[in-house]
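File shown: my_file-v2.json. Contents: JSON, C-alpha atoms and all ligand atoms.
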[["chain", "number", "residue", "atom", "x", "y", "z"],
["E", 1, "MET", "CA", 75.07, 181.48, 125.54],
["E", 2, "PRO", "CA", 72.83, 178.43, 125.00],
["E", 3, "THR", "CA", 70.03, 177.66, 127.46],
["E", 4, "VAL", "CA", 69.23, 174.27, 128.99],
["E", 5, "LEU", "CA", 66.11, 173.42, 130.98],
["E", 6, "ILE", "CA", 66.42, 170.33, 133.22],
["E", 7, "THR", "CA", 63.67, 168.46, 135.07],
["E", 8, "GLY", "CA", 64.46, 166.74, 138.37],
["E", 9, "ALA", "CA", 67.55, 168.89, 139.03],
["E", 10, "SER", "CA", 67.45, 168.54, 142.83],
["E", 11, "ARG", "CA", 69.78, 165.53, 142.98],
["E", 12, "GLY", "CA", 71.41, 162.68, 141.08],
["E", 13, "ILE", "CA", 71.84, 162.87, 137.32],
["E", 14, "GLY", "CA", 69.68, 166.00, 136.90],
["E", 15, "ARG", "CA", 71.74, 167.97, 139.40],
["E", 16, "GLU", "CA", 74.95, 166.84, 137.67],
["E", 17, "PHE", "CA", 73.63, 167.99, 134.28],
["E", 18, "ALA", "CA", 72.96, 171.39, 135.87],
["E", 19, "ARG", "CA", 76.44, 171.52, 137.43],
["E", 20, "GLN", "CA", 78.27, 170.60, 134.23],
["E", 21, "TYR", "CA", 76.30, 172.89, 131.90],
["E", 22, "GLU", "CA", 76.70, 175.79, 134.36],
["E", 23, "ALA", "CA", 80.47, 175.12, 134.44],
["E", 24, "GLY", "CA", 80.45, 175.03, 130.64],
["E", 25, "GLY", "CA", 79.01, 178.56, 130.49],
["E", 26, "TRP", "CA", 75.42, 177.67, 129.61],
["E", 27, "ARG", "CA", 72.38, 179.38, 131.07],
["E", 28, "VAL", "CA", 70.81, 176.69, 133.25],
["E", 29, "ILE", "CA", 67.11, 176.71, 134.06],
["E", 30, "ALA", "CA", 66.95, 174.11, 136.82],
["E", 31, "THR", "CA", 63.53, 172.76, 137.77],
["E", 32, "CYS", "CA", 62.67, 170.80, 140.91],
["E", 33, "ARG", "CA", 59.61, 169.68, 142.82],
["E", 34, "ASP", "CA", 61.02, 171.65, 145.74],
["E", 35, "PRO", "CA", 63.21, 174.56, 144.60],
["E", 36, "ALA", "CA", 64.58, 174.90, 148.15],
["E", 37, "ALA", "CA", 66.29, 171.52, 147.65],
["E", 38, "TYR", "CA", 68.44, 172.90, 144.81],
["E", 39, "ASP", "CA", 71.91, 173.57, 146.20],
["E", 40, "LEU", "CA", 73.67, 175.04, 143.12],
["E", 41, "GLU", "CA", 73.90, 178.64, 141.94],
["E", 42, "GLY", "CA", 71.54, 179.95, 139.27],
["E", 43, "GLU", "CA", 67.92, 179.99, 138.29],
["E", 44, "VAL", "CA", 65.60, 177.41, 139.79],
["E", 45, "PHE", "CA", 61.87, 176.99, 139.22],
["E", 46, "ARG", "CA", 59.25, 174.75, 140.79],
["E", 47, "LEU", "CA", 58.14, 171.91, 138.51],
["E", 48, "ASP", "CA", 56.45, 168.62, 139.26],
["E", 49, "VAL", "CA", 56.19, 166.80, 135.93],
["E", 50, "THR", "CA", 52.93, 165.14, 137.02],
["E", 51, "ASP", "CA", 51.24, 168.52, 137.54],
["E", 52, "PRO", "CA", 49.76, 169.78, 134.24],
["E", 53, "SER", "CA", 48.82, 173.21, 135.61],
["E", 54, "GLY", "CA", 52.32, 173.66, 137.04],
["E", 55, "ILE", "CA", 53.88, 172.80, 133.67],
["E", 56, "ALA", "CA", 51.59, 175.30, 131.93],
["E", 57, "ALA", "CA", 52.41, 177.96, 134.55],
["E", 58, "LEU", "CA", 56.17, 177.54, 134.01],
["E", 59, "ARG", "CA", 55.65, 177.70, 130.24],
["E", 60, "ARG", "CA", 53.86, 181.04, 130.71],
["E", 61, "GLU", "CA", 56.64, 182.29, 133.01],
["E", 62, "LEU", "CA", 59.27, 181.47, 130.37],
["E", 63, "ASP", "CA", 57.25, 182.83, 127.46],
["E", 64, "GLY", "CA", 59.46, 184.59, 124.91],
["E", 65, "GLU", "CA", 62.55, 182.53, 125.80],
["E", 66, "GLY", "CA", 64.35, 180.03, 123.60],
["E", 67, "ILE", "CA", 65.35, 176.67, 125.10],
["E", 68, "ASP", "CA", 68.26, 175.15, 123.17],
["E", 69, "LEU", "CA", 68.19, 171.90, 125.10],
["E", 70, "LEU", "CA", 65.32, 170.42, 127.09],
["E", 71, "ILE", "CA", 66.43, 167.56, 129.34],
["E", 72, "ASN", "CA", 63.59, 165.37, 130.58],
["E", 73, "ASN", "CA", 65.43, 163.67, 133.40],
["E", 74, "ALA", "CA", 62.94, 163.41, 136.29],
["E", 75, "GLY", "CA", 61.92, 159.85, 137.00],
["E", 76, "ILE", "CA", 61.05, 157.35, 139.71],
["E", 77, "HIS", "CA", 61.59, 153.63, 140.02],
["E", 78, "GLY", "CA", 58.54, 152.58, 142.04],
["E", 79, "PRO", "CA", 58.46, 149.76, 144.59],
["E", 80, "ARG", "CA", 61.24, 147.19, 144.24],
["E", 81, "ASP", "CA", 59.21, 144.42, 145.91],
["E", 82, "SER", "CA", 56.40, 144.51, 143.30],
["E", 83, "HIS", "CA", 56.57, 141.15, 141.53],
["E", 84, "LEU", "CA", 54.20, 138.80, 139.70],
["E", 85, "GLY", "CA", 51.56, 137.78, 142.21],
["E", 86, "ALA", "CA", 51.98, 141.01, 144.17],
["E", 87, "ILE", "CA", 51.95, 143.78, 141.59],
["E", 88, "ASP", "CA", 51.24, 147.20, 143.05],
["E", 89, "TYR", "CA", 48.90, 148.68, 140.43],
["E", 90, "GLY", "CA", 48.52, 152.00, 142.22],
["E", 91, "ALA", "CA", 52.28, 152.48, 142.20],
["E", 92, "TRP", "CA", 52.36, 151.45, 138.52],
["E", 93, "GLU", "CA", 49.98, 154.31, 137.66],
["E", 94, "GLU", "CA", 52.17, 156.76, 139.58],
["E", 95, "VAL", "CA", 55.33, 155.58, 137.80],
["E", 96, "LEU", "CA", 53.66, 155.83, 134.37],
["E", 97, "ALA", "CA", 52.41, 159.34, 135.23],
["E", 98, "THR", "CA", 55.95, 160.40, 136.17],
["E", 99, "ASN", "CA", 58.08, 158.53, 133.62],
["E", 100, "VAL", "CA", 55.85, 158.59, 130.52],
["E", 101, "LEU", "CA", 53.07, 161.18, 130.70],
["E", 102, "GLY", "CA", 55.27, 163.71, 132.54],
["E", 103, "PRO", "CA", 58.12, 164.01, 130.03],
["E", 104, "ILE", "CA", 55.80, 163.91, 127.02],
["E", 105, "ARG", "CA", 53.61, 166.64, 128.48],
["E", 106, "VAL", "CA", 56.68, 168.77, 129.25],
["E", 107, "ALA", "CA", 57.96, 168.21, 125.68],
["E", 108, "GLU", "CA", 54.56, 169.02, 124.16],
["E", 109, "ILE", "CA", 54.16, 172.23, 126.11],
["E", 110, "PHE", "CA", 57.77, 173.43, 125.72],
["E", 111, "ALA", "CA", 58.24, 172.42, 122.05],
["E", 112, "GLU", "CA", 57.57, 175.97, 120.85],
["E", 113, "LEU", "CA", 60.36, 177.36, 123.06],
["E", 114, "VAL", "CA", 62.78, 174.68, 121.82],
["E", 115, "GLU", "CA", 61.78, 175.40, 118.21],
["E", 116, "ARG", "CA", 62.57, 179.08, 118.78],
["E", 117, "SER", "CA", 66.16, 178.33, 119.94],
["E", 118, "ASN", "CA", 69.37, 177.83, 117.99],
["E", 119, "LEU", "CA", 70.22, 174.22, 118.88],
["E", 120, "LYS", "CA", 66.69, 172.72, 119.08],
["E", 121, "LYS", "CA", 67.38, 169.51, 121.02],
["E", 122, "MET", "CA", 65.30, 167.41, 123.39],
["E", 123, "VAL", "CA", 66.78, 164.67, 125.55],
["E", 124, "PHE", "CA", 64.88, 161.98, 127.45],
["E", 125, "ILE", "CA", 66.54, 159.96, 130.18],
["E", 126, "SER", "CA", 65.20, 156.47, 129.71],
["E", 127, "SER", "CA", 66.81, 153.19, 130.77],
["E", 128, "ARG", "CA", 68.17, 149.99, 129.34],
["E", 129, "MET", "CA", 65.53, 148.37, 131.58],
["E", 130, "GLY", "CA", 63.02, 149.64, 128.99],
["E", 131, "SER", "CA", 64.68, 147.71, 126.15],
["E", 132, "ILE", "CA", 62.50, 144.76, 125.10],
["E", 133, "GLY", "CA", 65.43, 143.28, 123.18],
["E", 134, "GLU", "CA", 67.60, 143.26, 126.28],
["E", 135, "ASN", "CA", 65.00, 141.88, 128.67],
["E", 136, "THR", "CA", 66.30, 138.42, 129.45],
["E", 137, "SER", "CA", 65.67, 138.41, 133.22],
["E", 138, "GLY", "CA", 61.97, 139.35, 133.48],
["E", 139, "GLY", "CA", 60.41, 141.10, 136.48],
["E", 140, "SER", "CA", 60.43, 144.86, 137.13],
["E", 141, "TYR", "CA", 57.03, 145.21, 135.40],
["E", 142, "ILE", "CA", 56.50, 148.75, 136.59],
["E", 143, "TYR", "CA", 59.82, 150.41, 135.81],
["E", 144, "ARG", "CA", 60.50, 148.42, 132.63],
["E", 145, "SER", "CA", 57.10, 149.19, 131.09],
["E", 146, "SER", "CA", 57.41, 152.88, 131.98],
["E", 147, "LYS", "CA", 60.72, 153.25, 130.15],
["E", 148, "ALA", "CA", 59.56, 151.09, 127.20],
["E", 149, "GLY", "CA", 56.50, 153.36, 127.02],
["E", 150, "LEU", "CA", 58.69, 156.45, 127.11],
["E", 151, "ASN", "CA", 60.83, 155.02, 124.31],
["E", 152, "MET", "CA", 57.83, 154.44, 122.06],
["E", 153, "ALA", "CA", 56.30, 157.84, 122.81],
["E", 154, "VAL", "CA", 59.62, 159.56, 122.01],
["E", 155, "ALA", "CA", 59.96, 157.53, 118.79],
["E", 156, "SER", "CA", 56.70, 159.17, 117.67],
["E", 157, "LEU", "CA", 57.61, 162.57, 119.06],
["E", 158, "ALA", "CA", 60.92, 162.51, 117.17],
["E", 159, "ILE", "CA", 59.04, 161.99, 113.90],
["E", 160, "ASP", "CA", 56.38, 164.57, 114.72],
["E", 161, "LEU", "CA", 58.85, 167.29, 115.77],
["E", 162, "TYR", "CA", 61.48, 166.70, 113.11],
["E", 163, "GLY", "CA", 59.72, 168.98, 110.61],
["E", 164, "ARG", "CA", 60.07, 171.75, 113.19],
["E", 165, "GLY", "CA", 63.84, 171.24, 113.23],
["E", 166, "ILE", "CA", 63.93, 169.54, 116.66],
["E", 167, "VAL", "CA", 66.21, 166.56, 117.31],
["E", 168, "CYS", "CA", 65.07, 164.12, 120.06],
["E", 169, "LEU", "CA", 67.46, 161.67, 121.77],
["E", 170, "LEU", "CA", 66.87, 158.88, 124.29],
["E", 171, "PHE", "CA", 69.57, 157.79, 126.75],
["E", 172, "HIS", "CA", 70.39, 155.00, 129.09],
["E", 173, "PRO", "CA", 72.60, 156.94, 131.54],
["E", 174, "GLY", "CA", 74.43, 153.80, 132.66],
["E", 175, "TRP", "CA", 74.00, 152.25, 136.08],
["E", 176, "VAL", "CA", 74.82, 155.33, 138.10],
["E", 177, "ARG", "CA", 75.55, 155.91, 141.81],
["E", 178, "THR", "CA", 72.54, 158.02, 142.78],
["E", 179, "ASP", "CA", 69.66, 157.52, 145.21],
["E", 180, "MET", "CA", 67.97, 155.45, 142.48],
["E", 181, "GLY", "CA", 71.06, 153.58, 141.27],
["E", 182, "GLY", "CA", 72.36, 152.80, 144.77],
["E", 183, "ALA", "CA", 75.84, 152.72, 146.24],
["E", 184, "SER", "CA", 77.06, 149.68, 144.31],
["E", 185, "ALA", "CA", 76.47, 151.18, 140.86],
["E", 186, "PRO", "CA", 79.69, 151.13, 138.80],
["E", 187, "ILE", "CA", 79.77, 154.72, 137.50],
["E", 188, "ASP", "CA", 79.36, 158.13, 139.07],
["E", 189, "ALA", "CA", 77.00, 160.84, 137.86],
["E", 190, "ALA", "CA", 79.90, 162.97, 136.57],
["E", 191, "THR", "CA", 81.04, 160.21, 134.17],
["E", 192, "SER", "CA", 77.50, 159.47, 132.99],
["E", 193, "VAL", "CA", 76.65, 163.11, 132.35],
["E", 194, "ALA", "CA", 79.99, 163.92, 130.68],
["E", 195, "GLY", "CA", 79.37, 161.03, 128.28],
["E", 196, "MET", "CA", 75.80, 162.11, 127.48],
["E", 197, "ARG", "CA", 76.86, 165.73, 127.02],
["E", 198, "ALA", "CA", 79.38, 164.67, 124.38],
["E", 199, "VAL", "CA", 76.70, 162.70, 122.49],
["E", 200, "ILE", "CA", 74.19, 165.56, 122.79],
["E", 201, "ASP", "CA", 76.78, 168.03, 121.57],
["E", 202, "ARG", "CA", 77.54, 166.13, 118.38],
["E", 203, "ALA", "CA", 73.93, 165.02, 117.69],
["E", 204, "ARG", "CA", 72.61, 166.03, 114.28],
["E", 205, "GLY", "CA", 69.48, 165.27, 112.27],
["E", 206, "ALA", "CA", 70.60, 161.69, 111.50],
["E", 207, "ASP", "CA", 70.57, 160.96, 115.27],
["E", 208, "ASN", "CA", 66.94, 161.97, 115.69],
["E", 209, "GLY", "CA", 64.87, 159.37, 117.58],
["E", 210, "ARG", "CA", 67.81, 157.13, 118.45],
["E", 211, "PHE", "CA", 68.41, 155.34, 121.78],
["E", 212, "PHE", "CA", 71.96, 155.69, 123.10],
["E", 213, "ASN", "CA", 74.00, 154.43, 126.00],
["E", 214, "TYR", "CA", 75.71, 157.28, 127.88],
["E", 215, "ASP", "CA", 78.95, 156.50, 126.02],
["E", 216, "GLY", "CA", 77.35, 156.91, 122.59],
["E", 217, "LYS", "CA", 76.83, 153.23, 121.79],
["E", 218, "GLU", "CA", 73.41, 152.63, 120.23],
["E", 219, "LEU", "CA", 71.02, 150.38, 122.18],
["E", 220, "PRO", "CA", 68.42, 147.90, 120.89],
["E", 221, "TRP", "CA", 64.75, 148.74, 121.42],
["E", 301, "LIG", "N1", 70.71, 155.87, 138.47],
["E", 301, "LIG", "C1", 70.64, 154.94, 137.55],
["E", 301, "LIG", "O1", 71.38, 153.92, 137.59],
["E", 301, "LIG", "C2", 69.68, 155.08, 136.40],
["E", 301, "LIG", "C3", 69.70, 154.06, 135.42],
["E", 301, "LIG", "C4", 68.83, 154.18, 134.32],
["E", 301, "LIG", "C5", 68.01, 155.28, 134.22],
["E", 301, "LIG", "N2", 67.99, 156.25, 135.20],
["E", 301, "LIG", "C6", 67.09, 157.38, 135.01],
["E", 301, "LIG", "O2", 67.79, 158.59, 135.20],
["E", 301, "LIG", "C7", 66.90, 159.62, 135.66],
["E", 301, "LIG", "C8", 67.49, 160.28, 136.89],
["E", 301, "LIG", "O3", 67.65, 159.28, 137.88],
["E", 301, "LIG", "P1", 68.63, 159.42, 139.14],
["E", 301, "LIG", "O4", 69.43, 158.18, 139.20],
["E", 301, "LIG", "O5", 69.29, 160.76, 139.15],
["E", 301, "LIG", "O6", 67.52, 159.31, 140.30],
["E", 301, "LIG", "P2", 67.36, 160.07, 141.69],
["E", 301, "LIG", "O7", 68.69, 160.34, 142.30],
["E", 301, "LIG", "O8", 66.34, 159.25, 142.43],
["E", 301, "LIG", "O9", 66.73, 161.48, 141.27],
["E", 301, "LIG", "C9", 65.46, 161.53, 140.67],
["E", 301, "LIG", "C10", 65.14, 162.97, 140.37],
["E", 301, "LIG", "O10", 63.83, 163.01, 139.75],
["E", 301, "LIG", "C11", 63.04, 163.95, 140.47],
["E", 301, "LIG", "N3", 61.62, 163.64, 140.39],
["E", 301, "LIG", "C12", 60.97, 162.51, 140.72],
["E", 301, "LIG", "N4", 59.65, 162.63, 140.50],
["E", 301, "LIG", "C13", 59.46, 163.89, 140.01],
["E", 301, "LIG", "C14", 58.35, 164.62, 139.58],
["E", 301, "LIG", "N5", 57.09, 164.12, 139.63],
["E", 301, "LIG", "N6", 58.53, 165.88, 139.09],
["E", 301, "LIG", "C15", 59.75, 166.43, 139.05],
["E", 301, "LIG", "N7", 60.86, 165.80, 139.47],
["E", 301, "LIG", "C16", 60.71, 164.54, 139.94],
["E", 301, "LIG", "C17", 63.56, 163.87, 141.90],
["E", 301, "LIG", "O11", 63.12, 165.00, 142.61],
["E", 301, "LIG", "P3", 62.88, 165.00, 144.22],
["E", 301, "LIG", "O12", 64.22, 165.34, 144.82],
["E", 301, "LIG", "O13", 61.85, 166.05, 144.42],
["E", 301, "LIG", "O14", 62.40, 163.64, 144.61],
["E", 301, "LIG", "C18", 65.05, 163.84, 141.63],
["E", 301, "LIG", "O15", 65.55, 165.12, 141.33],
["E", 301, "LIG", "C19", 65.56, 158.92, 135.89],
["E", 301, "LIG", "O16", 64.70, 159.14, 134.80],
["E", 301, "LIG", "C20", 65.94, 157.46, 135.99],
["E", 301, "LIG", "O17", 64.87, 156.59, 135.66],
["E", 301, "LIG", "C21", 68.81, 156.16, 136.28]]
Could you spell out this file's structure in structure tokens?
Ligand SMILES: NC(=O)c1ccc[n+]([C@@H]2O[C@H](COP(=O)([O-])OP(=O)(O)OC[C@H]3O[C@@H](n4cnc5c(N)ncnc54)[C@H](OP(=O)(O)O)[C@@H]3O)[C@@H](O)[C@H]2O)c1
Amino acid sequence: MPTVLITGASRGIGREFARQYEAGGWRVIATCRDPAAYDLEGEVFRLDVTDPSGIAALRRELDGEGIDLLINNAGIHGPRDSHLGAIDYGAWEEVLATNVLGPIRVAEIFAELVERSNLKKMVFISSRMGSIGENTSGGSYIYRSSKAGLNMAVASLAIDLYGRGIVCLLFHPGWVRTDMGGASAPIDAATSVAGMRAVIDRARGADNGRFFNYDGKELPW
């Protein structure tokens, strides 16, 4: 039975990953800032991706395990009213800490457990908003730069971990009906996650470091 560890599993896309992998017979290690908020069956651990000592403590707790698939899903958008002339720099730092430093630190600390597994995959939930090539509307300095930063960091990570047999993938999950995506988003979390699971499942070495839409279409950087 393969094992998946998911960050930000309390709601939205992370919770749906947990639900679908559990239904598929995987061992799911769900992680949440508040484990009491997790409303599915199975193992849940406390993890705030901005808390280095908490990440290290969970790594110690899981010592000896293999993690076939590490899903770095946790993320925040930051203030929507932050625009040129009124940029909220404090919020920008918080978003970078959550969306860039958090997933890279989790990947760095858990790489050994992924390396020890059979499947050896790491997934990072990014966004099309982080694509420089697709930025034709401007604005969204905070969220866009955080996901562009994540993309670049994972491009390096994919090269650095490849020799250890680990395949890293970046995803735009689609515009998804969650607390972040809002009620008018065109797709539900079940569709987004089912699409990403299919891509993850068939990913091989040649897919390492690539940036995919949830339906498997490759996206421009
Ligand atoms: N929805 C979309 O349309 C869309 C589009 C592109 C990309 N994405 C990306 O998809 C991912 C999931 O988004 P979503 O739509 O599911 O958002 P969501 O419904 O707002 O859920 C965000 C999740 O991240 C967790 N989280 C936030 N900060 C955290 C931290 N410091 N440590 C651990 N967990 C933390 C939240 O936990 P709490 O419950 O504790 O707050 C929650 O479980 C994000 O990376 C997001 O940027 C979403």
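For the point (74.6, 161.5, 128.2), the residues with at least one atom inside 9 Å, counting only C-alpha atoms, are Phe17, Val123, Ile125, Phe171, His172, Pro173, Gly174, Thr191, Ser192, Val193, Ala194, Gly195, Met196, Arg197, Ala198, Val199, Ile200, Phe212, Asn213, Tyr214, Asp215 and Gly216 of chain E.
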inquiry  = What does the list of residues within 7 Å of ligand LIG 301 (chain E) look like if you count all atoms listed in the file, written as a PyMOL selection string?
reply    = chain E and resi 7-14+32-34+47-50+73-77+98-99+125-128+172-181+185
request  = Tell me, as a list in words, which residues lie within 8 Å of Arg116 (chain E), counting all atoms listed in the file; anything in the same chain fewer than 4 positions away does not count.
outcome  = Glu65, Gly66, Ile67, Glu112 and Lys120 of chain E
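The interatomic distance for the pair CA of Met1 (chain E) and CA of Ala111 (chain E) works out to 19.4 Å.
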task = Find, counting only C-alpha atoms, the residue in E:Asp68, E:Asp188, E:Asp207, E:Ala148 that gets nearest to Val167 (chain E).
result = E:Asp207
Closest pair table for region 70-123 of chain E residues within 8 Å of region 131-140 of chain E, only C-alpha atoms, as JSON lines:
{"residue": "E:Arg80", "atom": "CA", "partner": "E:Ser140", "partner_atom": "CA", "distance": 7.5}
{"residue": "E:Ser82", "atom": "CA", "partner": "E:Ser140", "partner_atom": "CA", "distance": 7.4}
{"residue": "E:His83", "atom": "CA", "partner": "E:Gly139", "partner_atom": "CA", "distance": 6.3}
{"residue": "E:Leu84", "atom": "CA", "partner": "E:Gly139", "partner_atom": "CA", "distance": 7.4}
ask   = Rounded to one decimal in Å, what is the spacing between CA of Ile71 (chain E) and CA of Ile6 (chain E)?
value = 4.8 Å
request  = Considering all atoms listed in the file, return as JSON, numbers by chain whatever protein or nucleic-acid residues lie within 7 Å of region 151-164 of chain E, sequence-local ones (same chain, fewer than 3 positions apart) excluded.
outcome  = {"E": [115, 147, 148, 167, 168, 208, 209]}
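Restricting the calculation to all atoms listed in the file, the smallest distance between Ile55 (chain E) and any of E:Leu69, E:Asp39, E:Ala107, E:Ile87 is found for E:Ala107.
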ask   = In terms of the shortest atom-to-atom distance over all atoms listed in the file, which of E:Val106, E:Ala18, E:Val4, E:Pro35 is closest to Arg59 (chain E)?
value = E:Val106
Mind rebuilding region 137-151 of chain E with N, CA and C atoms and writing that out as a JSON list (two decimals), in the coordinates of the input?
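Produced file part_19.json, reproduced below:
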[["chain", "number", "residue", "atom", "x", "y", "z"],
["E", 137, "SER", "N", 65.79, 138.84, 131.82],
["E", 137, "SER", "CA", 65.67, 138.41, 133.22],
["E", 137, "SER", "C", 64.27, 138.59, 133.78],
["E", 138, "GLY", "N", 63.35, 139.20, 133.02],
["E", 138, "GLY", "CA", 61.97, 139.35, 133.48],
["E", 138, "GLY", "C", 61.83, 140.31, 134.64],
["E", 139, "GLY", "N", 60.66, 140.27, 135.30],
["E", 139, "GLY", "CA", 60.41, 141.10, 136.48],
["E", 139, "GLY", "C", 60.36, 142.59, 136.18],
["E", 140, "SER", "N", 60.42, 143.40, 137.23],
["E", 140, "SER", "CA", 60.43, 144.86, 137.13],
["E", 140, "SER", "C", 59.36, 145.38, 136.17],
["E", 141, "TYR", "N", 58.13, 144.84, 136.31],
["E", 141, "TYR", "CA", 57.03, 145.21, 135.40],
["E", 141, "TYR", "C", 56.82, 146.72, 135.34],
["E", 142, "ILE", "N", 56.87, 147.33, 136.50],
["E", 142, "ILE", "CA", 56.50, 148.75, 136.59],
["E", 142, "ILE", "C", 57.54, 149.63, 135.90],
["E", 143, "TYR", "N", 58.77, 149.53, 136.35],
["E", 143, "TYR", "CA", 59.82, 150.41, 135.81],
["E", 143, "TYR", "C", 60.09, 150.09, 134.34],
["E", 144, "ARG", "N", 60.21, 148.79, 134.02],
["E", 144, "ARG", "CA", 60.50, 148.42, 132.63],
["E", 144, "ARG", "C", 59.45, 148.96, 131.66],
["E", 145, "SER", "N", 58.16, 148.76, 132.03],
["E", 145, "SER", "CA", 57.10, 149.19, 131.09],
["E", 145, "SER", "C", 57.06, 150.71, 130.98],
["E", 146, "SER", "N", 57.43, 151.40, 132.07],
["E", 146, "SER", "CA", 57.41, 152.88, 131.98],
["E", 146, "SER", "C", 58.48, 153.38, 131.00],
["E", 147, "LYS", "N", 59.66, 152.77, 131.04],
["E", 147, "LYS", "CA", 60.72, 153.25, 130.15],
["E", 147, "LYS", "C", 60.50, 152.75, 128.73],
["E", 148, "ALA", "N", 59.92, 151.55, 128.55],
["E", 148, "ALA", "CA", 59.56, 151.09, 127.20],
["E", 148, "ALA", "C", 58.49, 152.03, 126.61],
["E", 149, "GLY", "N", 57.54, 152.43, 127.46],
["E", 149, "GLY", "CA", 56.50, 153.36, 127.02],
["E", 149, "GLY", "C", 57.08, 154.71, 126.63],
["E", 150, "LEU", "N", 58.03, 155.18, 127.43],
["E", 150, "LEU", "CA", 58.69, 156.45, 127.11],
["E", 150, "LEU", "C", 59.40, 156.32, 125.76],
["E", 151, "ASN", "N", 60.11, 155.20, 125.57],
["E", 151, "ASN", "CA", 60.83, 155.02, 124.31],
["E", 151, "ASN", "C", 59.90, 155.10, 123.10]]
